[in-house]
>>> print(open('data-v7.txt').read())   # compact mmCIF, C-alpha atoms and all ligand atoms
# COMPACT_ATOMS: atom_id res chain seq x y z
CA MET A 123 30.68 31.14 19.55
CA ALA A 124 29.64 32.26 23.01
CA GLU A 125 30.00 35.95 23.68
CA THR A 126 31.22 35.54 27.23
CA ALA A 127 34.83 34.49 27.60
CA ALA A 128 35.11 31.03 29.10
CA PRO A 129 37.44 30.63 32.07
CA LYS A 130 40.91 29.35 31.21
CA THR A 131 40.29 26.04 32.95
CA SER A 132 37.15 25.36 30.91
CA PRO A 133 36.98 22.76 28.14
CA GLU A 134 35.97 25.60 25.84
CA THR A 135 39.42 27.14 26.04
CA ASP A 136 41.49 24.10 26.92
CA LEU A 137 40.37 21.36 24.58
CA SER A 138 42.41 18.74 26.42
CA LEU A 139 39.85 19.02 29.20
CA ARG A 140 37.00 17.84 27.00
CA THR A 141 35.35 14.55 27.92
CA SER A 142 33.78 12.44 25.21
CA PRO A 143 30.40 10.82 25.92
CA ALA A 144 31.79 7.27 26.20
CA GLU A 145 35.06 8.24 27.85
CA LEU A 146 34.32 6.12 30.91
CA LEU A 147 34.08 3.05 28.68
CA ARG A 148 37.41 3.53 26.96
CA ALA A 149 39.18 0.81 28.94
CA ALA A 150 36.16 -1.49 28.60
CA PHE A 151 36.17 -1.01 24.82
CA GLU A 152 39.84 -1.99 24.70
CA ALA A 153 39.31 -4.98 26.96
CA GLY A 154 36.19 -6.10 25.10
CA SER A 155 37.69 -5.85 21.63
CA VAL A 156 38.75 -9.16 20.10
CA PRO A 157 41.65 -8.33 17.76
CA GLY A 158 41.06 -9.48 14.21
CA ILE A 159 37.50 -10.57 15.04
CA VAL A 160 35.55 -7.56 16.20
CA GLU A 161 36.88 -4.34 17.67
CA LEU A 162 35.15 -1.32 19.14
CA ARG A 163 36.43 2.15 19.85
CA GLU A 164 35.11 5.63 20.23
CA ILE A 165 36.25 8.30 17.83
CA ASN A 166 36.16 11.50 19.83
CA PHE A 167 34.90 14.93 18.90
CA LEU A 168 34.27 14.61 15.18
CA THR A 169 32.88 17.80 13.71
CA MET A 170 29.23 17.41 12.80
CA VAL A 171 26.98 19.96 11.19
CA GLY A 172 23.24 19.63 10.76
CA LEU A 173 21.95 20.97 7.48
CA ARG A 174 18.36 21.66 6.59
CA VAL A 175 18.02 22.88 3.07
CA SER A 176 16.22 21.86 -0.10
CA ARG A 177 18.58 20.51 -2.73
CA ASP A 178 16.67 22.26 -5.51
CA THR A 179 17.15 25.79 -4.22
CA ASP A 180 19.99 28.21 -4.86
CA ALA A 181 21.03 27.88 -1.22
CA GLY A 182 21.05 24.11 -1.61
CA GLU A 183 23.31 24.36 -4.62
CA ARG A 184 25.65 26.77 -2.84
CA ILE A 185 25.90 24.40 0.12
CA ALA A 186 26.43 21.44 -2.20
CA SER A 187 29.38 23.24 -3.73
CA VAL A 188 30.97 23.54 -0.27
CA THR A 189 30.33 19.95 0.77
CA GLY A 190 30.91 18.32 -2.60
CA GLY A 191 27.27 17.48 -3.21
CA LEU A 192 24.17 16.70 -1.17
CA PRO A 193 22.90 13.11 -1.21
CA ALA A 194 19.59 12.59 -2.99
CA THR A 195 18.19 9.40 -1.51
CA CYS A 196 17.94 7.45 1.71
CA GLY A 197 21.25 5.78 2.49
CA ALA A 198 23.32 7.93 0.17
CA VAL A 199 26.51 9.61 1.34
CA SER A 200 28.23 12.30 -0.66
CA GLY A 201 31.15 14.57 -0.18
CA THR A 202 34.68 15.03 -1.31
CA GLY A 203 37.80 14.86 0.74
CA ASP A 204 37.50 14.85 4.51
CA ALA A 205 33.90 15.90 4.93
CA SER A 206 31.05 13.49 4.21
CA VAL A 207 27.37 14.35 3.95
CA LEU A 208 24.88 11.78 5.17
CA TRP A 209 21.25 11.73 4.06
CA LEU A 210 18.92 12.02 7.05
CA GLY A 211 15.75 13.16 5.29
CA PRO A 212 14.62 14.72 2.02
CA GLU A 213 15.78 18.13 3.24
CA GLU A 214 17.99 17.16 6.15
CA PHE A 215 21.64 16.16 6.08
CA LEU A 216 24.48 15.53 8.51
CA VAL A 217 28.00 16.66 7.66
CA VAL A 218 30.68 14.59 9.37
CA ALA A 219 34.17 16.01 9.26
CA PRO A 220 37.45 15.56 11.13
CA VAL A 221 38.05 17.11 14.54
CA GLU A 222 40.21 19.87 13.08
CA ALA A 223 37.36 21.12 10.90
CA HIS A 224 35.68 22.61 13.97
CA GLU A 225 35.93 26.34 14.37
CA SER A 226 37.27 25.97 17.92
CA LEU A 227 40.36 24.47 16.30
CA GLY A 228 40.57 27.03 13.54
CA GLY A 229 38.53 25.12 10.97
CA ASP A 230 36.40 27.08 8.55
CA LEU A 231 33.87 24.41 7.50
CA ILE A 232 30.94 25.64 9.57
CA GLN A 233 31.53 29.25 8.65
CA ALA A 234 31.74 28.32 4.97
CA LEU A 235 28.44 26.45 5.22
CA ARG A 236 26.81 29.39 7.00
CA GLU A 237 27.98 31.75 4.30
CA ALA A 238 26.77 29.37 1.59
CA LEU A 239 23.31 29.26 3.14
CA GLY A 240 23.28 33.05 3.37
CA ASP A 241 19.71 34.28 3.66
CA GLY A 242 18.32 31.21 1.93
CA ALA A 243 15.72 29.08 3.68
CA GLY A 244 17.36 26.47 5.85
CA GLN A 245 19.67 25.86 8.77
CA VAL A 246 23.33 25.26 9.42
CA VAL A 247 23.80 24.13 13.02
CA ASP A 248 26.93 22.97 14.79
CA LEU A 249 25.92 19.56 16.15
CA SER A 250 29.39 18.32 17.06
CA ALA A 251 28.36 17.70 20.66
CA ASN A 252 25.07 16.05 19.73
CA ARG A 253 26.33 12.64 18.72
CA THR A 254 29.48 10.68 19.31
CA THR A 255 31.05 8.13 17.01
CA PHE A 256 31.67 4.46 17.62
CA GLU A 257 33.77 2.49 15.19
CA LEU A 258 33.03 -1.21 14.97
CA THR A 259 35.40 -3.20 12.79
CA GLY A 260 36.22 -6.78 11.98
CA PRO A 261 34.68 -9.79 10.26
CA ARG A 262 32.17 -10.31 13.07
CA SER A 263 30.98 -6.71 13.24
CA ARG A 264 27.90 -7.42 11.10
CA ALA A 265 26.94 -10.34 13.35
CA VAL A 266 27.21 -8.05 16.38
CA LEU A 267 24.98 -5.41 14.81
CA GLU A 268 22.43 -7.95 13.66
CA LYS A 269 21.67 -8.80 17.27
CA GLY A 270 19.97 -5.46 17.69
CA CYS A 271 19.26 -4.00 14.28
CA SER A 272 16.43 -5.22 12.11
CA LEU A 273 17.70 -3.80 8.83
CA ASP A 274 19.03 -6.24 6.26
CA LEU A 275 22.76 -5.71 6.78
CA HIS A 276 23.80 -8.31 4.23
CA PRO A 277 26.35 -6.78 1.84
CA ARG A 278 24.07 -7.46 -1.14
CA GLY A 279 21.73 -4.81 0.26
CA PHE A 280 23.82 -2.69 2.60
CA LYS A 281 26.92 -1.59 0.75
CA ALA A 282 29.99 0.20 2.00
CA GLY A 283 29.49 3.93 1.63
CA THR A 284 25.86 4.03 2.72
CA ALA A 285 24.39 5.35 5.95
CA LEU A 286 20.95 4.79 7.44
CA SER A 287 19.08 6.28 10.37
CA THR A 288 17.75 3.36 12.34
CA GLU A 289 17.82 1.67 15.73
CA ILE A 290 20.47 -0.53 17.30
CA GLY A 291 19.53 -2.11 20.61
CA ASN A 292 16.45 0.15 20.54
CA ILE A 293 18.69 3.22 20.45
CA PRO A 294 18.21 5.64 17.54
CA VAL A 295 21.48 5.90 15.64
CA VAL A 296 22.92 6.73 12.29
CA LEU A 297 24.60 3.56 11.05
CA TRP A 298 27.23 4.26 8.43
CA LYS A 299 28.96 1.42 6.66
CA THR A 300 32.40 2.84 5.94
CA GLY A 301 34.03 -0.33 4.61
CA ASP A 302 33.28 -3.98 3.96
CA GLU A 303 33.94 -4.81 7.60
CA SER A 304 33.77 -1.45 9.30
CA TYR A 305 30.90 0.59 10.59
CA ARG A 306 30.49 3.95 12.21
CA ILE A 307 27.66 4.24 14.68
CA HIS A 308 26.48 7.69 15.72
CA PRO A 309 24.34 7.61 18.86
CA ARG A 310 23.30 10.78 20.62
CA ALA A 311 25.59 11.59 23.52
CA SER A 312 23.15 10.64 26.25
CA PHE A 313 22.70 7.17 24.75
CA ALA A 314 26.41 6.54 24.24
CA GLU A 315 27.08 4.75 27.49
CA PHE A 316 24.08 2.44 27.18
CA LEU A 317 24.78 1.62 23.56
CA GLY A 318 28.49 1.13 24.28
CA ARG A 319 27.68 -1.40 26.98
CA TRP A 320 25.10 -3.04 24.73
CA ILE A 321 27.65 -3.50 21.93
CA LEU A 322 30.25 -4.80 24.36
CA ASP A 323 27.77 -7.39 25.56
CA ALA A 324 26.96 -8.36 21.98
CA MET A 325 30.69 -8.75 21.25
CA ARG A 326 31.43 -10.90 24.25
CA GLU A 327 30.75 -14.31 22.73
CA TYR A 328 33.43 -13.76 20.08
CA ALA A 329 36.13 -13.63 22.75
CA SER A 330 35.54 -17.31 23.50
CA PRO A 331 36.64 -20.15 21.28
CA GLU A 332 33.94 -21.30 18.92
CA VAL A 333 31.88 -24.22 20.18
CA PRO A 334 32.27 -27.05 17.69
CA MET B 91 5.75 -6.21 14.73
CA LEU B 92 4.43 -4.29 11.74
CA LEU B 93 6.70 -3.55 8.85
CA ILE B 94 5.78 -0.09 7.66
CA SER B 95 6.83 1.12 4.26
CA CYS B 96 8.11 4.66 4.60
CA PRO B 97 7.77 6.56 1.31
CA ASN B 98 11.35 7.80 1.73
CA CYS B 99 13.17 4.93 3.41
CA GLY B 100 11.42 1.68 2.54
CA SER B 101 10.30 -1.01 4.97
CA ARG B 102 11.19 -0.42 8.58
CA ASP B 103 10.10 -1.79 11.91
CA GLU B 104 7.06 -0.27 13.53
CA THR B 105 9.24 0.86 16.47
CA GLU B 106 10.88 3.46 14.22
CA PHE B 107 7.55 5.21 13.74
CA HIS B 108 5.18 7.31 15.78
CA TYR B 109 1.45 7.21 15.35
CA GLY B 110 -0.18 10.53 14.56
CA GLY B 111 -3.85 9.68 14.92
CA GLN B 112 -6.67 9.98 12.43
CA ALA B 113 -5.82 11.62 9.14
CA HIS B 114 -7.90 14.19 7.26
CA VAL B 115 -9.20 16.03 10.32
CA ALA B 116 -9.50 19.49 8.84
CA TYR B 117 -8.81 22.57 10.93
CA PRO B 118 -12.09 24.45 11.37
CA GLU B 119 -12.58 27.17 8.82
CA ASN B 120 -13.76 29.67 11.42
CA PRO B 121 -12.41 28.46 14.76
CA ASN B 122 -13.73 31.55 16.55
CA GLU B 123 -17.30 30.65 15.67
CA LEU B 124 -17.12 27.22 17.24
CA ASN B 125 -18.81 26.66 20.55
CA ASP B 126 -17.07 24.70 23.27
CA ARG B 127 -18.60 21.42 22.26
CA GLU B 128 -17.63 21.81 18.59
CA TRP B 129 -14.10 22.83 19.58
CA ALA B 130 -13.79 19.84 21.88
CA GLU B 131 -15.00 17.57 19.11
CA PHE B 132 -12.39 18.99 16.75
CA LEU B 133 -9.64 18.54 19.32
CA PHE B 134 -10.49 15.25 20.94
CA TYR B 135 -13.24 13.32 19.15
CA ARG B 136 -12.00 10.75 16.67
CA ASP B 137 -13.50 7.87 14.76
CA ASN B 138 -13.10 4.44 16.27
CA THR B 139 -13.24 2.58 13.00
CA LYS B 140 -13.36 -1.15 12.66
CA GLY B 141 -11.80 -1.77 9.26
CA ALA B 142 -9.93 0.52 6.90
CA PHE B 143 -8.77 3.61 8.75
CA ALA B 144 -6.80 6.56 7.39
CA GLU B 145 -4.14 7.64 9.85
CA ARG B 146 -1.01 9.75 10.07
CA TRP B 147 2.41 8.31 10.82
CA LEU B 148 5.80 9.87 11.44
CA HIS B 149 9.03 8.07 10.61
CA SER B 150 10.60 9.51 13.73
CA THR B 151 13.79 7.42 13.86
CA GLY B 152 14.42 7.68 10.13
CA CYS B 153 13.69 10.55 7.80
CA ARG B 154 11.44 12.38 10.31
CA GLN B 155 8.76 12.90 7.66
CA TRP B 156 5.01 12.52 8.03
CA PHE B 157 2.87 10.45 5.72
CA ASN B 158 -0.63 9.00 5.59
CA MET B 159 -1.48 5.35 5.73
CA LEU B 160 -4.64 3.36 5.18
CA ARG B 161 -4.61 0.49 7.66
CA ASP B 162 -7.19 -2.11 8.54
CA THR B 163 -7.70 -1.89 12.29
CA VAL B 164 -8.77 -5.53 12.46
CA THR B 165 -6.23 -7.31 10.27
CA TYR B 166 -3.51 -4.63 10.45
CA GLU B 167 -3.20 -4.90 6.69
CA ILE B 168 -1.60 -1.76 5.30
CA GLN B 169 -3.64 -0.96 2.23
CA ALA B 170 -2.00 2.25 1.05
CA VAL B 171 0.75 4.70 1.90
CA TYR B 172 0.25 8.19 0.50
CA PRO B 173 1.63 11.70 1.03
CA MET B 174 0.31 14.27 3.45
CA GLY B 175 -2.26 16.43 1.75
CA ALA B 176 -3.29 13.76 -0.75
CA PRO B 177 -6.92 12.58 -0.65
CA ARG B 178 -7.75 9.27 0.93
CA PRO B 179 -7.56 6.42 -1.58
CA ALA B 180 -10.44 4.00 -1.82
CA ALA B 181 -10.30 1.20 0.73
CA ALA B 182 -9.55 -2.27 -0.47
CA PRO B 183 -12.33 -4.82 -0.02
CA PRO B 184 -11.93 -7.01 3.03
CA ALA B 185 -9.44 -9.78 2.34
CA ALA B 186 -10.89 -13.23 1.76
CA GLU B 187 -8.66 -14.89 4.29
CA SER B 188 -7.37 -12.72 7.07
CA GLY B 189 -6.14 -12.98 10.58
CA THR B 190 -2.46 -12.37 10.01
CA ALA B 191 -0.85 -9.01 9.76
CA SER B 192 0.57 -8.35 6.36
CA THR B 193 3.18 -5.89 5.29
CA ALA B 194 2.93 -3.10 2.84
CA PRO B 195 3.42 -4.10 -0.76
CA ASP B 196 7.10 -3.84 -1.17
CA SER B 197 9.95 -6.28 -1.17
CA THR B 198 12.87 -4.61 0.48
CA THR B 199 13.94 -4.59 4.06
CA THR B 200 16.55 -1.91 3.79
CA GLY B 201 16.19 1.69 2.89
CA THR B 202 18.35 1.48 -0.16
CA ALA B 203 15.48 0.83 -2.50
CA ARG B 204 12.65 3.22 -1.96
CA PRO B 205 9.18 2.19 -2.97
CA SER B 206 7.32 4.68 -5.05
CA ILE B 207 4.38 6.30 -3.37
CA ALA B 208 2.37 5.98 -6.54
CA ALA B 209 2.94 2.27 -6.70
CA THR B 210 1.79 1.66 -3.16
CA SER B 211 -1.28 3.82 -3.32
CA THR B 212 -2.55 3.11 -6.80
CA SER B 213 -2.59 -0.60 -6.15
CA THR B 214 -5.62 0.02 -4.02
CA ALA B 215 -6.76 3.33 -5.45
CA SER B 216 -7.33 1.75 -8.83
CA ARG B 217 -10.01 -0.43 -7.35
CA SER B 218 -13.25 1.45 -7.28
CA THR B 219 -14.75 -0.38 -4.34
CA THR B 220 -15.70 1.60 -1.30
CA ALA B 221 -15.28 0.76 2.32
CA PRO B 222 -17.76 -1.70 3.77
CA GLU B 223 -20.77 -0.25 5.55
CA GLY B 224 -19.72 1.04 8.93
CA ALA B 225 -16.03 0.91 8.16
CA THR B 226 -15.79 4.64 7.69
CA LYS B 227 -17.74 7.65 8.67
ZN ZN C 401 11.50 7.42 6.43
>>> encode(input="data-v7.txt", output="structure tokens")
Amino acid sequence: MAETAAPKTSPETDLSLRTSPAELLRAAFEAGSVPGIVELREINFLTMVGLRVSRDTDAGERIASVTGGLPATCGAVSGTGDASVLWLGPEEFLVVAPVEAHESLGGDLIQALREALGDGAGQVVDLSANRTTFELTGPRSRAVLEKGCSLDLHPRGFKAGTALSTEIGNIPVVLWKTGDESYRIHPRASFAEFLGRWILDAMREYASPEVP
Amino acid sequence: MLLISCPNCGSRDETEFHYGGQAHVAYPENPNELNDREWAEFLFYRDNTKGAFAERWLHSTGCRQWFNMLRDTVTYEIQAVYPMGAPRPAAAPPAAESGTASTAPDSTTTGTARPSIAATSTSTASRSTTAPEGATK
């Protein structure tokens, strides 16, 4: 994207040099995970694209045809295949796609979205470095989240395949329920370390045997 | 903690929102003709209402959309939630028994069910009572 060529030792040219926002907690995440109960890990460098477009416009329809639909209501997630589109606002969406979808790795997703928007009103912005991704899994993952999230996370209300912008431990995040016992949490990069430590602390009691 | 009913997302904690001050403060039609005092009053002078008060709120952690809300500054009762640009609905009469904060009229605590704006605002707008003397300017 940048016009100036990055030096060969830069993360821009050598992707193995990239550091994810919660990299320094990687060992702590492994140590703090309780296998089969609640586990935490960071998923590095997912491709994320911010979309601002009205669903009712031609540009919105063109973008929807690239992403496999744009979600209509709060909580909804749409998309086909690898890329998912999360509802952030009436005219604001977040595309989450695998690492390889990024143009630095030869992916064409962002370019396709840009072309779909064309000169229509809206935005397509590469936000891959804006947020990182935590994956919290296991039967106790809901109990961990409930310590710091005031939404009703009971499965009768919060179903797998929905995503909500909210707060966990007072940190603004997108909370995406990807399965019955698995969640993706997208904090902004600068909050990743704090939130990672917060979740680790919330998980700690499940490493001890239950008090009868 | 107030539970505020976002028109897009449903009931959320007050901490997800930012307060935007008094609603319905119109931009002056001819700003160049205002003297310093009038300009200062437009910029800085706001009502300090005791009772039903129309104010702007932003769901900053959620959908990042603005909306208007009619809130009682004494009881914290949220009497109506209505879109930006819509006129102020009539204030509800003071509640018979008060003293506790009440939540907006909706039953969900997640964003999956969104309350209709019409439902929340007409519940009070349909009443033709006006604000008590001194409650509004
Ligand atoms: Zn909202």
>>> atom_distance(input="data-v7.txt", atom1="CA of Ile168 in chain B", atom2="CA of Ser101 in chain B")
11.9 Å
>>> residues_near_ligand(input="data-v7.txt", ligand="ligand ZN 401 (chain C)", cutoff="6 Å", atoms="all atoms listed in the file", output="ChimeraX atom specification")
/B:96,98-99,149,152-153
>>> closest_residue(input="data-v7.txt", among="A:Thr195, A:Thr300, A:Ser200, A:Thr255", to="chain B", atoms="all atoms listed in the file")
A:Thr195
>>> interface_residues(input="data-v7.txt", of="chain A", to="chain B", cutoff="10 Å", atoms="all atoms listed in the file", output="PyMOL selection string")
chain A and resi 195-198+209-215+271-276+279-281+284-289+292-296
>>> closest_residue(input="data-v7.txt", among="A:Phe167, A:Lys299, A:Ser155, A:Arg184", to="Leu239 in chain A", atoms="all atoms listed in the file")
A:Arg184
>>> axis_aligned_box(input="data-v7.txt", around="range 112-123 of chain B", padding_each_side="6 Å", output="JSON")
{"center_x": -11.6, "center_y": 20.8, "center_z": 11.9, "size_x": 23.5, "size_y": 33.6, "size_z": 21.3}
>>> residues_near_point(input="data-v7.txt", point="(35.4, 13.2, -5.5)", cutoff="10 Å", atoms="all atoms listed in the file", output="short mmCIF file (atom, residue, chain, number, x, y, z; two decimals) with C-alpha atoms, in the coordinates of the input")
data_model
loop_
_atom_site.label_atom_id
_atom_site.label_comp_id
_atom_site.auth_asym_id
_atom_site.auth_seq_id
_atom_site.Cartn_x
_atom_site.Cartn_y
_atom_site.Cartn_z
CA GLY A 190 30.91 18.32 -2.60
CA GLY A 191 27.27 17.48 -3.21
CA SER A 200 28.23 12.30 -0.66
CA GLY A 201 31.15 14.57 -0.18
CA THR A 202 34.68 15.03 -1.31
CA GLY A 203 37.80 14.86 0.74
#
>>> residues_around(input="data-v7.txt", residues="Arg264 in chain A", least_positions_apart="4", cutoff="9 Å", atoms="only C-alpha atoms", output="list in words")
Leu258, Thr259, Gly260, Glu268, Lys269, Leu275, His276, Glu303, Ser304 and Tyr305 of chain A
>>> atom_distance(input="data-v7.txt", atom1="CA of Trp129 in chain B", atom2="CA of Tyr117 in chain B")
10.1 Å
>>> closest_residue(input="data-v7.txt", among="B:Met174, B:Val164, B:Leu133, B:Ala180", to="His114 in chain B", atoms="all atoms listed in the file")
B:Met174
>>> residues_around(input="data-v7.txt", residues="range 137-148 of chain B", least_positions_apart="2", cutoff="6 Å", atoms="only C-alpha atoms", output="short mmCIF file (atom, residue, chain, number, x, y, z; two decimals) with C-alpha atoms, keeping the file's coordinate frame")
data_model
loop_
_atom_site.label_atom_id
_atom_site.label_comp_id
_atom_site.auth_asym_id
_atom_site.auth_seq_id
_atom_site.Cartn_x
_atom_site.Cartn_y
_atom_site.Cartn_z
CA PHE B 107 7.55 5.21 13.74
CA HIS B 108 5.18 7.31 15.78
CA TYR B 109 1.45 7.21 15.35
CA GLY B 110 -0.18 10.53 14.56
CA GLY B 111 -3.85 9.68 14.92
CA GLN B 112 -6.67 9.98 12.43
CA ALA B 113 -5.82 11.62 9.14
CA SER B 150 10.60 9.51 13.73
CA GLN B 155 8.76 12.90 7.66
CA TRP B 156 5.01 12.52 8.03
CA PHE B 157 2.87 10.45 5.72
CA ASN B 158 -0.63 9.00 5.59
CA MET B 159 -1.48 5.35 5.73
CA LEU B 160 -4.64 3.36 5.18
CA ARG B 161 -4.61 0.49 7.66
CA ASP B 162 -7.19 -2.11 8.54
CA THR B 163 -7.70 -1.89 12.29
CA VAL B 164 -8.77 -5.53 12.46
CA ALA B 225 -16.03 0.91 8.16
#
>>> residues_around(input="data-v7.txt", residues="range 138-150 of chain A", least_positions_apart="3", cutoff="12 Å", atoms="all atoms listed in the file", output="NGL selection string")
:A and (130-135 or 153-156 or 161-168 or 227 or 250-256 or 308-323 or 325-326)
>>> atom_distance(input="data-v7.txt", atom1="CA of Ser263 in chain A", atom2="CA of Val160 in chain A")
5.5 Å
>>> residues_near_point(input="data-v7.txt", point="(3.0, 12.3, -2.3)", cutoff="9 Å", atoms="all atoms listed in the file", output="count of residues only")
10
